[in-house]
>>> print(open('coords.cif').read())   # mmCIF, C-alpha atoms and all ligand atoms
data_entry
loop_
_atom_site.label_atom_id
_atom_site.label_comp_id
_atom_site.auth_asym_id
_atom_site.auth_seq_id
_atom_site.Cartn_x
_atom_site.Cartn_y
_atom_site.Cartn_z
CA MET U 1 -5.74 -20.75 -7.92
CA PRO U 2 -6.54 -18.52 -10.89
CA ALA U 3 -7.69 -15.33 -9.15
CA ILE U 4 -7.10 -13.13 -6.10
CA ARG U 5 -10.60 -14.10 -4.89
CA ASP U 6 -9.45 -17.70 -4.56
CA PHE U 7 -6.59 -16.59 -2.33
CA GLU U 8 -9.01 -14.66 -0.17
CA ALA U 9 -11.19 -17.77 0.25
CA ALA U 10 -8.13 -19.89 1.11
CA ALA U 11 -6.95 -17.26 3.62
CA ARG U 12 -10.35 -17.20 5.27
CA ASP U 13 -10.21 -20.97 5.68
CA ARG U 14 -6.74 -20.86 7.21
CA LEU U 15 -6.74 -17.82 9.46
CA ASP U 16 -8.03 -17.49 12.98
CA PRO U 17 -11.42 -15.82 12.35
CA ALA U 18 -10.50 -12.78 14.49
CA HIS U 19 -7.34 -12.30 12.45
CA TYR U 20 -9.19 -12.74 9.17
CA ASP U 21 -11.65 -10.06 10.31
CA TYR U 22 -8.80 -7.73 11.28
CA PHE U 23 -7.20 -8.07 7.84
CA ALA U 24 -10.43 -7.95 5.81
CA GLY U 25 -12.38 -5.40 7.77
CA GLY U 26 -12.72 -1.67 7.86
CA ALA U 27 -14.11 1.21 9.84
CA GLY U 28 -17.73 1.94 10.68
CA ASP U 29 -20.23 0.39 8.31
CA GLU U 30 -17.47 -0.43 5.82
CA VAL U 31 -19.03 1.88 3.25
CA THR U 32 -15.55 2.82 2.00
CA VAL U 33 -14.27 -0.75 2.01
CA LYS U 34 -17.08 -1.71 -0.34
CA ALA U 35 -16.88 1.51 -2.37
CA ASN U 36 -13.21 0.97 -3.28
CA GLU U 37 -13.97 -2.26 -5.14
CA ALA U 38 -17.40 -1.24 -6.43
CA ALA U 39 -15.98 1.88 -8.08
CA PHE U 40 -13.73 -0.23 -10.32
CA ALA U 41 -16.72 -2.31 -11.39
CA ARG U 42 -18.52 0.89 -12.43
CA LEU U 43 -15.69 1.91 -14.73
CA ALA U 44 -15.68 0.37 -18.19
CA LEU U 45 -12.70 -0.07 -20.48
CA LEU U 46 -12.92 1.00 -24.11
CA PRO U 47 -10.03 -0.68 -25.91
CA ARG U 48 -8.40 0.38 -29.17
CA VAL U 49 -7.79 -2.15 -31.94
CA LEU U 50 -5.25 -2.83 -34.69
CA ARG U 51 -2.51 -0.82 -33.04
CA GLY U 52 0.31 -3.25 -33.69
CA ALA U 53 1.56 -2.63 -30.17
CA GLY U 54 3.31 -5.96 -29.65
CA SER U 55 3.84 -7.47 -26.20
CA PRO U 56 3.60 -4.83 -23.45
CA ARG U 57 6.55 -3.91 -21.25
CA LEU U 58 5.44 -3.31 -17.69
CA GLY U 59 8.46 -1.75 -15.98
CA VAL U 60 8.25 1.59 -14.15
CA THR U 61 10.74 3.75 -12.26
CA LEU U 62 9.43 5.56 -9.18
CA LEU U 63 11.60 7.99 -7.21
CA GLY U 64 14.68 6.24 -8.53
CA SER U 65 13.41 2.76 -7.61
CA ARG U 66 12.86 0.38 -10.48
CA ALA U 67 9.93 -2.04 -10.47
CA ALA U 68 9.20 -4.70 -13.09
CA MET U 69 5.50 -3.91 -12.84
CA PRO U 70 3.40 -0.96 -11.73
CA VAL U 71 1.95 -2.87 -8.75
CA LEU U 72 3.63 -2.29 -5.39
CA VAL U 73 3.13 -4.00 -2.05
CA ALA U 74 1.21 -1.55 0.17
CA PRO U 75 2.32 -1.28 3.80
CA THR U 76 0.28 -3.61 5.99
CA ALA U 77 0.78 -4.49 9.63
CA PHE U 78 1.27 -7.78 11.46
CA HIS U 79 2.31 -10.25 8.73
CA ARG U 80 3.30 -12.88 11.29
CA LEU U 81 -0.40 -13.29 12.07
CA ALA U 82 -0.70 -14.67 8.53
CA ASP U 83 2.51 -16.71 8.31
CA PRO U 84 5.33 -17.50 10.76
CA GLU U 85 7.92 -15.93 8.43
CA GLY U 86 5.80 -12.78 8.27
CA GLU U 87 7.31 -9.79 6.48
CA LYS U 88 10.41 -11.82 5.53
CA ALA U 89 8.27 -14.05 3.32
CA THR U 90 6.52 -11.04 1.78
CA ALA U 91 9.83 -9.33 1.03
CA ARG U 92 11.26 -12.43 -0.67
CA ALA U 93 8.17 -12.67 -2.86
CA ALA U 94 8.34 -8.95 -3.70
CA ALA U 95 12.01 -9.38 -4.63
CA ALA U 96 11.15 -12.34 -6.87
CA ALA U 97 8.47 -10.23 -8.56
CA GLU U 98 10.99 -7.39 -8.82
CA THR U 99 8.59 -4.95 -7.26
CA ILE U 100 8.76 -2.53 -4.36
CA MET U 101 7.63 -3.57 -0.89
CA ILE U 102 6.60 -0.80 1.47
CA VAL U 103 7.46 -2.14 4.91
CA SER U 104 4.95 -1.12 7.58
CA MET U 105 6.15 0.62 10.70
CA ALA U 106 3.82 -1.89 12.40
CA ALA U 107 5.68 -4.89 10.95
CA THR U 108 6.18 -7.94 13.17
CA VAL U 109 9.72 -8.38 11.79
CA ALA U 110 12.30 -5.60 12.22
CA VAL U 111 13.09 -3.69 9.03
CA GLU U 112 16.76 -4.75 9.30
CA ASP U 113 15.71 -8.42 9.36
CA VAL U 114 13.29 -7.93 6.46
CA ALA U 115 16.13 -6.42 4.40
CA ALA U 116 18.55 -9.20 5.38
CA ALA U 117 16.02 -11.89 4.48
CA ALA U 118 15.52 -10.58 0.96
CA PRO U 119 18.78 -9.30 -0.52
CA GLY U 120 18.06 -7.37 -3.67
CA ALA U 121 14.55 -6.43 -2.58
CA THR U 122 13.62 -2.78 -3.06
CA LEU U 123 12.13 -1.63 0.23
CA TRP U 124 10.43 1.62 1.12
CA PHE U 125 9.55 2.35 4.75
CA GLN U 126 6.12 3.46 5.97
CA LEU U 127 6.13 5.82 8.95
CA TYR U 128 3.50 6.90 11.42
CA VAL U 129 5.01 10.14 12.73
CA GLN U 130 5.29 9.79 16.50
CA PRO U 131 4.80 12.95 18.57
CA ASP U 132 8.23 12.29 20.12
CA MET U 133 10.31 13.53 17.18
CA ALA U 134 13.58 12.22 18.61
CA PHE U 135 12.03 8.76 18.63
CA THR U 136 10.62 9.30 15.13
CA GLU U 137 14.10 10.24 13.96
CA ALA U 138 15.60 7.09 15.48
CA VAL U 139 13.10 4.99 13.51
CA VAL U 140 13.86 6.92 10.30
CA ARG U 141 17.58 6.31 10.81
CA ARG U 142 16.94 2.58 11.22
CA ALA U 143 14.99 2.55 7.95
CA GLU U 144 17.75 4.47 6.15
CA LYS U 145 20.44 2.17 7.51
CA ALA U 146 18.46 -0.89 6.49
CA GLY U 147 18.57 0.43 2.92
CA CYS U 148 15.02 1.66 2.46
CA ALA U 149 14.86 3.92 -0.59
CA ALA U 150 11.88 6.13 0.31
CA LEU U 151 9.86 7.20 3.32
CA VAL U 152 6.10 6.75 3.02
CA VAL U 153 4.48 8.96 5.64
CA THR U 154 0.92 7.92 6.45
CA VAL U 155 -1.21 10.97 7.19
CA ASP U 156 -4.74 9.52 7.32
CA SER U 157 -4.37 8.28 10.88
CA PRO U 158 -4.43 11.09 13.45
CA ALA U 159 -6.40 8.47 15.42
CA ARG U 160 -6.95 4.77 14.95
CA GLY U 161 -9.95 3.76 12.85
CA ARG U 162 -12.94 2.41 14.77
CA ARG U 163 -13.38 -1.16 13.65
CA ASP U 164 -16.43 -2.67 15.29
CA GLN U 165 -15.62 -6.22 14.28
CA ASP U 166 -12.27 -6.10 16.10
CA VAL U 167 -14.11 -4.88 19.21
CA ARG U 168 -16.67 -7.72 18.92
CA ASN U 169 -13.81 -10.20 18.49
CA GLY U 170 -11.86 -8.74 21.37
CA PHE U 171 -8.89 -8.29 19.00
CA GLU U 172 -6.84 -5.59 20.66
CA ASP U 173 -3.27 -6.75 20.73
CA LEU U 174 -0.78 -9.04 19.09
CA PRO U 175 -0.51 -12.51 20.65
CA GLU U 176 2.39 -13.49 22.94
CA GLY U 177 5.67 -13.57 21.07
CA MET U 178 4.77 -10.98 18.44
CA ARG U 179 5.54 -7.27 18.61
CA CYS U 180 5.88 -4.26 16.35
CA GLU U 181 9.62 -4.66 15.91
CA ASN U 182 10.15 -1.25 14.32
CA LEU U 183 8.86 0.57 17.37
CA HIS U 184 12.11 0.96 19.23
CA ASP U 185 14.97 3.42 19.04
CA GLY U 186 17.71 0.83 18.58
CA ASP U 187 17.19 -1.01 21.85
CA PRO U 188 14.99 -4.05 21.03
CA GLU U 189 14.07 -4.35 24.72
CA SER U 190 12.21 -1.07 24.58
CA VAL U 191 9.43 -1.59 22.00
CA ARG U 192 6.82 1.16 22.38
CA PRO U 193 3.15 1.20 21.44
CA ILE U 194 2.26 3.11 18.25
CA ASP U 195 1.04 6.58 19.07
CA MET U 196 -1.49 7.91 16.55
CA SER U 197 -1.55 11.62 17.30
CA PRO U 198 -4.09 14.27 16.27
CA ALA U 199 -1.36 16.88 16.75
CA ILE U 200 0.51 15.80 13.59
CA SER U 201 0.67 18.71 11.13
CA TRP U 202 2.45 20.03 8.03
CA GLU U 203 5.22 21.17 10.39
CA HIS U 204 6.07 17.51 10.94
CA VAL U 205 6.35 17.01 7.19
CA ASP U 206 8.78 19.94 7.08
CA LEU U 207 10.76 18.43 9.96
CA LEU U 208 10.97 15.10 8.15
CA ARG U 209 12.04 16.83 4.94
CA ARG U 210 14.97 18.36 6.84
CA MET U 211 15.66 15.14 8.75
CA THR U 212 16.24 12.82 5.81
CA ARG U 213 17.45 12.82 2.23
CA LEU U 214 15.05 10.01 1.40
CA PRO U 215 12.21 10.99 -0.93
CA ILE U 216 9.01 11.53 1.05
CA VAL U 217 5.75 10.02 -0.17
CA LEU U 218 2.60 11.33 1.53
CA LYS U 219 0.14 8.44 1.95
CA GLY U 220 -3.53 8.99 2.64
CA VAL U 221 -4.20 12.19 0.76
CA THR U 222 -7.77 12.39 -0.56
CA HIS U 223 -8.53 16.13 -0.81
CA PRO U 224 -7.20 18.04 -3.83
CA ALA U 225 -6.41 21.05 -1.60
CA ASP U 226 -4.11 18.82 0.46
CA ALA U 227 -2.48 17.58 -2.73
CA ARG U 228 -1.58 21.18 -3.60
CA LEU U 229 -0.35 21.86 -0.04
CA ALA U 230 1.79 18.74 -0.19
CA LEU U 231 3.59 20.16 -3.22
CA ASP U 232 4.29 23.37 -1.28
CA HIS U 233 5.87 21.23 1.43
CA GLY U 234 8.25 19.55 -0.98
CA VAL U 235 7.01 15.98 -1.00
CA SER U 236 8.39 13.74 -3.74
CA ALA U 237 5.18 11.84 -4.44
CA LEU U 238 1.54 11.64 -3.41
CA TYR U 239 -0.19 8.39 -2.53
CA VAL U 240 -3.97 8.58 -2.79
CA SER U 241 -5.42 6.21 -0.23
CA ASN U 242 -8.29 5.89 2.21
CA HIS U 243 -6.37 3.20 4.09
CA GLY U 244 -8.46 0.49 2.47
CA GLY U 245 -11.55 1.89 4.23
CA ARG U 246 -10.03 1.30 7.67
CA GLN U 247 -9.79 4.86 8.93
CA LEU U 248 -12.57 7.38 8.20
CA ASP U 249 -15.63 5.59 6.87
CA THR U 250 -17.59 7.08 3.94
CA VAL U 251 -14.53 8.61 2.26
CA PRO U 252 -15.10 8.11 -1.49
CA ALA U 253 -13.49 5.30 -3.44
CA THR U 254 -9.89 6.18 -4.25
CA VAL U 255 -10.20 5.55 -7.98
CA ASP U 256 -13.01 8.14 -8.06
CA LEU U 257 -10.76 10.67 -6.31
CA LEU U 258 -7.84 10.17 -8.65
CA PRO U 259 -8.77 12.52 -11.52
CA GLU U 260 -9.14 15.56 -9.25
CA ILE U 261 -5.90 14.86 -7.39
CA VAL U 262 -4.02 14.20 -10.61
CA ALA U 263 -5.31 17.52 -11.97
CA ALA U 264 -4.28 19.33 -8.77
CA VAL U 265 -0.77 17.86 -8.96
CA GLY U 266 -0.45 18.73 -12.63
CA GLY U 267 2.35 16.26 -13.26
CA ALA U 268 4.67 17.86 -10.68
CA VAL U 269 5.24 14.57 -8.82
CA PRO U 270 4.15 10.93 -9.28
CA VAL U 271 0.72 9.99 -7.91
CA LEU U 272 0.36 6.50 -6.44
CA MET U 273 -2.91 4.99 -5.30
CA ASP U 274 -4.34 1.98 -3.52
CA GLY U 275 -7.71 0.63 -2.44
CA GLY U 276 -9.74 -2.16 -3.98
CA ILE U 277 -7.30 -3.32 -6.66
CA ARG U 278 -8.08 -6.99 -7.24
CA ARG U 279 -7.56 -7.40 -11.00
CA GLY U 280 -5.19 -6.34 -13.74
CA THR U 281 -8.04 -4.37 -15.27
CA ASP U 282 -8.26 -2.35 -12.03
CA VAL U 283 -4.57 -1.45 -12.38
CA VAL U 284 -5.15 -0.37 -15.97
CA LYS U 285 -8.14 1.81 -15.01
CA ALA U 286 -6.27 3.54 -12.19
CA MET U 287 -3.29 4.24 -14.42
CA ALA U 288 -5.51 5.46 -17.26
CA LEU U 289 -6.92 7.97 -14.77
CA GLY U 290 -3.44 9.23 -13.99
CA ALA U 291 -1.86 7.00 -11.33
CA SER U 292 1.86 6.41 -11.90
CA ALA U 293 1.54 3.04 -10.16
CA VAL U 294 -0.77 1.30 -7.69
CA ALA U 295 -0.35 -0.78 -4.55
CA VAL U 296 -2.19 -3.77 -3.10
CA GLY U 297 -2.80 -4.39 0.59
CA ARG U 298 -5.19 -7.25 1.32
CA PRO U 299 -4.35 -9.35 -1.79
CA VAL U 300 -0.79 -9.73 -0.48
CA ILE U 301 -2.07 -10.80 2.93
CA TRP U 302 -4.38 -13.35 1.31
CA GLY U 303 -1.39 -14.77 -0.56
CA LEU U 304 0.68 -14.85 2.62
CA ALA U 305 -2.01 -16.59 4.65
CA ALA U 306 -2.84 -19.04 1.86
CA GLY U 307 0.70 -20.06 0.97
CA GLY U 308 3.44 -18.06 2.69
CA GLU U 309 6.16 -16.71 0.40
CA CYS U 310 4.91 -18.82 -2.55
CA GLY U 311 1.39 -17.52 -2.03
CA VAL U 312 2.51 -13.88 -2.16
CA ALA U 313 4.70 -14.63 -5.18
CA ARG U 314 1.72 -16.19 -6.95
CA VAL U 315 -0.56 -13.23 -6.13
CA LEU U 316 2.00 -10.78 -7.51
CA GLU U 317 2.58 -12.95 -10.59
CA LEU U 318 -1.17 -13.17 -11.18
CA LEU U 319 -1.52 -9.39 -11.06
CA ARG U 320 1.48 -8.98 -13.35
CA ASP U 321 0.05 -11.40 -15.91
CA GLU U 322 -3.38 -9.80 -15.71
CA VAL U 323 -1.97 -6.30 -16.26
CA GLU U 324 0.03 -7.53 -19.24
CA HIS U 325 -3.02 -9.26 -20.68
CA ALA U 326 -5.29 -6.25 -20.16
CA LEU U 327 -2.76 -3.93 -21.82
CA THR U 328 -2.47 -6.32 -24.76
CA LEU U 329 -6.25 -6.38 -25.18
CA CYS U 330 -6.29 -2.57 -24.98
CA GLY U 331 -3.75 -2.41 -27.81
CA LEU U 332 -1.05 -0.80 -25.69
CA ALA U 333 2.70 -1.37 -25.52
CA SER U 334 3.20 0.02 -22.02
CA PRO U 335 1.27 1.37 -19.02
CA HIS U 336 2.75 4.75 -19.95
CA ASP U 337 0.46 4.76 -23.00
CA LEU U 338 -2.69 4.61 -20.87
CA GLU U 339 -4.91 7.71 -21.05
CA PRO U 340 -8.33 8.71 -19.65
CA GLY U 341 -10.13 8.10 -22.97
CA LEU U 342 -9.75 4.38 -22.32
CA VAL U 343 -12.13 4.56 -19.34
CA ARG U 344 -15.87 5.19 -19.46
CA ARG U 345 -18.17 5.60 -16.48
CA CYS U 346 -21.14 3.23 -16.81
C1 LIG T 401 -4.47 -5.49 7.62
C2 LIG T 401 -4.04 -4.15 7.13
C3 LIG T 401 -3.05 -3.48 7.80
C4 LIG T 401 -2.64 -2.23 7.35
N1 LIG T 401 -1.60 -1.62 7.97
C5 LIG T 401 -1.15 -0.44 7.49
C6 LIG T 401 -0.03 0.19 8.08
O1 LIG T 401 0.58 -0.35 8.99
N2 LIG T 401 0.36 1.39 7.58
C7 LIG T 401 -0.29 1.99 6.54
O2 LIG T 401 0.09 3.08 6.12
N3 LIG T 401 -1.36 1.42 5.96
C8 LIG T 401 -1.79 0.22 6.41
N4 LIG T 401 -2.85 -0.37 5.79
C9 LIG T 401 -3.46 0.24 4.61
C10 LIG T 401 -2.79 -0.25 3.32
O3 LIG T 401 -1.52 0.32 3.18
C11 LIG T 401 -3.59 0.14 2.07
O4 LIG T 401 -3.83 1.52 2.08
C12 LIG T 401 -4.89 -0.62 1.89
O5 LIG T 401 -4.80 -1.94 2.35
C13 LIG T 401 -5.26 -0.63 0.41
O6 LIG T 401 -6.46 -1.25 0.18
P1 LIG T 401 -6.61 -2.80 -0.30
O7 LIG T 401 -6.40 -3.62 0.92
O8 LIG T 401 -8.00 -2.83 -0.81
O9 LIG T 401 -5.57 -3.06 -1.37
C14 LIG T 401 -3.27 -1.63 6.23
C15 LIG T 401 -4.28 -2.33 5.56
C16 LIG T 401 -4.66 -3.57 5.99
C17 LIG T 401 -5.73 -4.30 5.22
C1 LIG T 402 -1.13 -0.01 14.93
C2 LIG T 402 -1.08 -0.71 13.63
C3 LIG T 402 -1.80 0.02 12.56
C4 LIG T 402 -2.08 -0.89 11.43
C5 LIG T 402 -3.01 -0.27 10.45
O1 LIG T 402 -2.72 0.76 9.89
C6 LIG T 402 -4.24 -0.91 10.11
O2 LIG T 402 -4.61 -1.89 10.76
O3 LIG T 402 -4.92 -0.42 9.19
#
>>> encode(input="coords.cif", output="structure tokens", more="lines below")
Ligand SMILES: Cc1cc2nc3c(=O)[nH]c(=O)nc-3n(C[C@H](O)[C@H](O)[C@H](O)COP(=O)(O)O)c2cc1C
Ligand SMILES: CCCCC(=O)C(=O)O
Amino acid sequence: MPAIRDFEAAARDRLDPAHYDYFAGGAGDEVTVKANEAAFARLALLPRVLRGAGSPRLGVTLLGSRAAMPVLVAPTAFHRLADPEGEKATARAAAAAETIMIVSMAATVAVEDVAAAAPGATLWFQLYVQPDMAFTEAVVRRAEKAGCAALVVTVDSPARGRRDQDVRNGFEDLPEGMRCENLHDGDPESVRPIDMSPAISWEHVDLLRRMTRLPIVLKGVTHPADARLALDHGVSALYVSNHGGRQLDTVPATVDLLPEIVAAVGGAVPVLMDGGIRRGTDVVKAMALGASAVAVGRPVIWGLAAGGECGVARVLELLRDEVEHALTLCGLASPHDLEPGLVRRC
């Protein structure tokens, strides 16, 4: 299969339709879901020629974690709905691609088991701060102990997104035999439901900062004023995301938000982004507009549903090859050489 789109088609064929809809869908009228991809199509690339750049090198280092390419695995929930091995398969594929996997707090395999299944994988842990801070701390300790190298705190979810298609499908809960294995405090018998709380505030970020030595990445920032506030609260990186259009509908496309956030951050910390990346050229555009790296959510799930670990490995390899090819055609030796002049709005 030569493109991510083919994996999506294969995943649609294989998945229970309600599960496909859960993975593919978004909030409200899915304005943001569509906008994320459409925005990349509206950006044109203006390559340079005769630069003698040679073959590009794709490696990046983010918060002390090394990745062989600037494409990370975004945190996504419920991988066992796509493949029986679930997050273990994803982690093995991420390790093979030598990239970073951000393990979701809502994973269907415990973070300890994900780490054990993929020795050598670089894992970061995504956290939904729970109002019970003692419980939150227990989960953070589990992630630290499992060897996760950063804490990605998702802040775009003070409530769950309203996803009409899930309501129509009656998709409310995981099937028998699957649970969110990271939602306990060390006692696997006591898995709790995820509590999305509107009371979460900057104070919780400060508490987390004091709680752990792990670098904190704030995921789901879209407003430049919040980007500046995040710096005041000592975060190690920002992650521009609208949750793949699954939380607040009609938030702008993330790639369109990047320039303002990057300007607000002024190089103080790395800026990651996700939303709508389906091609190597999308990666190049986002990085030209100032992203230090990007992440992919649904493409990984399509790979997992289509072919388990091999499917994810192939999706990551495809993206790697496409980024390398796009950089070559832009006359660049590295993603670090990307700059805004390479992108035109059309
Ligand atoms: C099925 C699914 C589950 C997700 N689960 C989580 C999650 O548990 N935590 C989180 O921070 N983001 C979650 N996200 C959002 C992703 O991290 C990411 O922001 C989004 O998928 C990026 O857009 P893309 O799918 O177009 O690449 C989820 C996204 C999808 C599609
Ligand atoms: C309670 C699991 C949340 C998963 C999530 O973030 C999503 O479906 O977008």
>>> atom_distance(input="coords.cif", atom1="CA of His184 in chain U", atom2="CA of Phe125 in chain U")
14.8 Å
>>> residues_near_ligand(input="coords.cif", ligand="ligand LIG 402 (chain T)", cutoff="6 Å", atoms="only C-alpha atoms and all ligand atoms", output="JSON, numbers by chain")
{"U": [77, 106, 194, 246]}
>>> atom_distance(input="coords.cif", atom1="CA of Pro119 in chain U", atom2="CA of Gly86 in chain U")
16.1 Å
>>> residues_near_ligand(input="coords.cif", ligand="ligand LIG 401 (chain T)", cutoff="7 Å", atoms="all atoms listed in the file", output="MDAnalysis selection string")
chainID U and resid 22:24 36 74:77 104:106 126 154 219 241:244 274:277 295:299
>>> residues_around(input="coords.cif", residues="Leu174 in chain U", least_positions_apart="6", cutoff="12 Å", atoms="only C-alpha atoms", output="list in words")
Ala18, His19, Tyr22, Ala77, Phe78, His79, Arg80, Leu81, Ala82, Ala106, Ala107, Thr108, Cys180, Glu181 and Pro193 of chain U
>>> atom_distance(input="coords.cif", atom1="CA of Asp29 in chain U", atom2="CA of Ala305 in chain U")
25.2 Å
>>> residues_around(input="coords.cif", residues="Arg162 in chain U", least_positions_apart="4", cutoff="12 Å", atoms="only C-alpha atoms", output="list in words")
Tyr22, Gly25, Gly26, Ala27, Gly28, Asp29, Glu30, Ser157, Asp166, Val167, Arg168, Glu172, Gly245, Arg246, Gln247, Leu248 and Asp249 of chain U
>>> closest_residue(input="coords.cif", among="U:Lys285, U:Arg192, U:Arg279, U:Arg48", to="Arg320 in chain U", atoms="all atoms listed in the file")
U:Arg279
>>> residues_around(input="coords.cif", residues="Phe40 in chain U", least_positions_apart="5", cutoff="9 Å", atoms="all atoms listed in the file", output="list in words")
Ala35, Ala253, Val255, Asp256, Gly276, Ile277, Thr281, Asp282, Lys285 and Ala286 of chain U
>>> residues_around(input="coords.cif", residues="Ala306 in chain U", least_positions_apart="2", cutoff="8 Å", atoms="all atoms listed in the file", output="PyMOL selection string")
chain U and resi 7-8+10-11+14+302-304+308+311
>>> residues_around(input="coords.cif", residues="Pro215 in chain U", least_positions_apart="2", cutoff="12 Å", atoms="all atoms listed in the file", output="ChimeraX atom specification")
/U:62-65,124-126,144,148-153,205,208-213,217-218,234-238,269-270
>>> write_last_selection(input="coords.cif", atoms="C-alpha atoms", output="compact mmCIF listing (two decimals), in the frame of the given file")
# COMPACT_ATOMS: atom_id res chain seq x y z
CA LEU U 62 9.43 5.56 -9.18
CA LEU U 63 11.60 7.99 -7.21
CA GLY U 64 14.68 6.24 -8.53
CA SER U 65 13.41 2.76 -7.61
CA TRP U 124 10.43 1.62 1.12
CA PHE U 125 9.55 2.35 4.75
CA GLN U 126 6.12 3.46 5.97
CA GLU U 144 17.75 4.47 6.15
CA CYS U 148 15.02 1.66 2.46
CA ALA U 149 14.86 3.92 -0.59
CA ALA U 150 11.88 6.13 0.31
CA LEU U 151 9.86 7.20 3.32
CA VAL U 152 6.10 6.75 3.02
CA VAL U 153 4.48 8.96 5.64
CA VAL U 205 6.35 17.01 7.19
CA LEU U 208 10.97 15.10 8.15
CA ARG U 209 12.04 16.83 4.94
CA ARG U 210 14.97 18.36 6.84
CA MET U 211 15.66 15.14 8.75
CA THR U 212 16.24 12.82 5.81
CA ARG U 213 17.45 12.82 2.23
CA VAL U 217 5.75 10.02 -0.17
CA LEU U 218 2.60 11.33 1.53
CA GLY U 234 8.25 19.55 -0.98
CA VAL U 235 7.01 15.98 -1.00
CA SER U 236 8.39 13.74 -3.74
CA ALA U 237 5.18 11.84 -4.44
CA LEU U 238 1.54 11.64 -3.41
CA VAL U 269 5.24 14.57 -8.82
CA PRO U 270 4.15 10.93 -9.28
>>> axis_aligned_box(input="coords.cif", around="range 261-270 of chain U", padding_each_side="4 Å", output="AutoDock Vina command-line options")
--center_x -0.3 --center_y 15.1 --center_z -10.3 --size_x 19.1 --size_y 16.4 --size_z 13.9
>>> closest_residue(input="coords.cif", among="U:Asp156, U:Leu229, U:Pro56, U:Gly120", to="His325 in chain U", atoms="only C-alpha atoms")
U:Pro56
>>> closest_residue(input="coords.cif", among="U:Ala143, U:Thr122, U:Val109, U:Val283", to="Gly177 in chain U", atoms="all atoms listed in the file")
U:Val109
>>> closest_residue(input="coords.cif", among="U:Asp195, U:Glu137, U:Glu98, U:Asp232", to="Leu123 in chain U", atoms="all atoms listed in the file")
U:Glu98
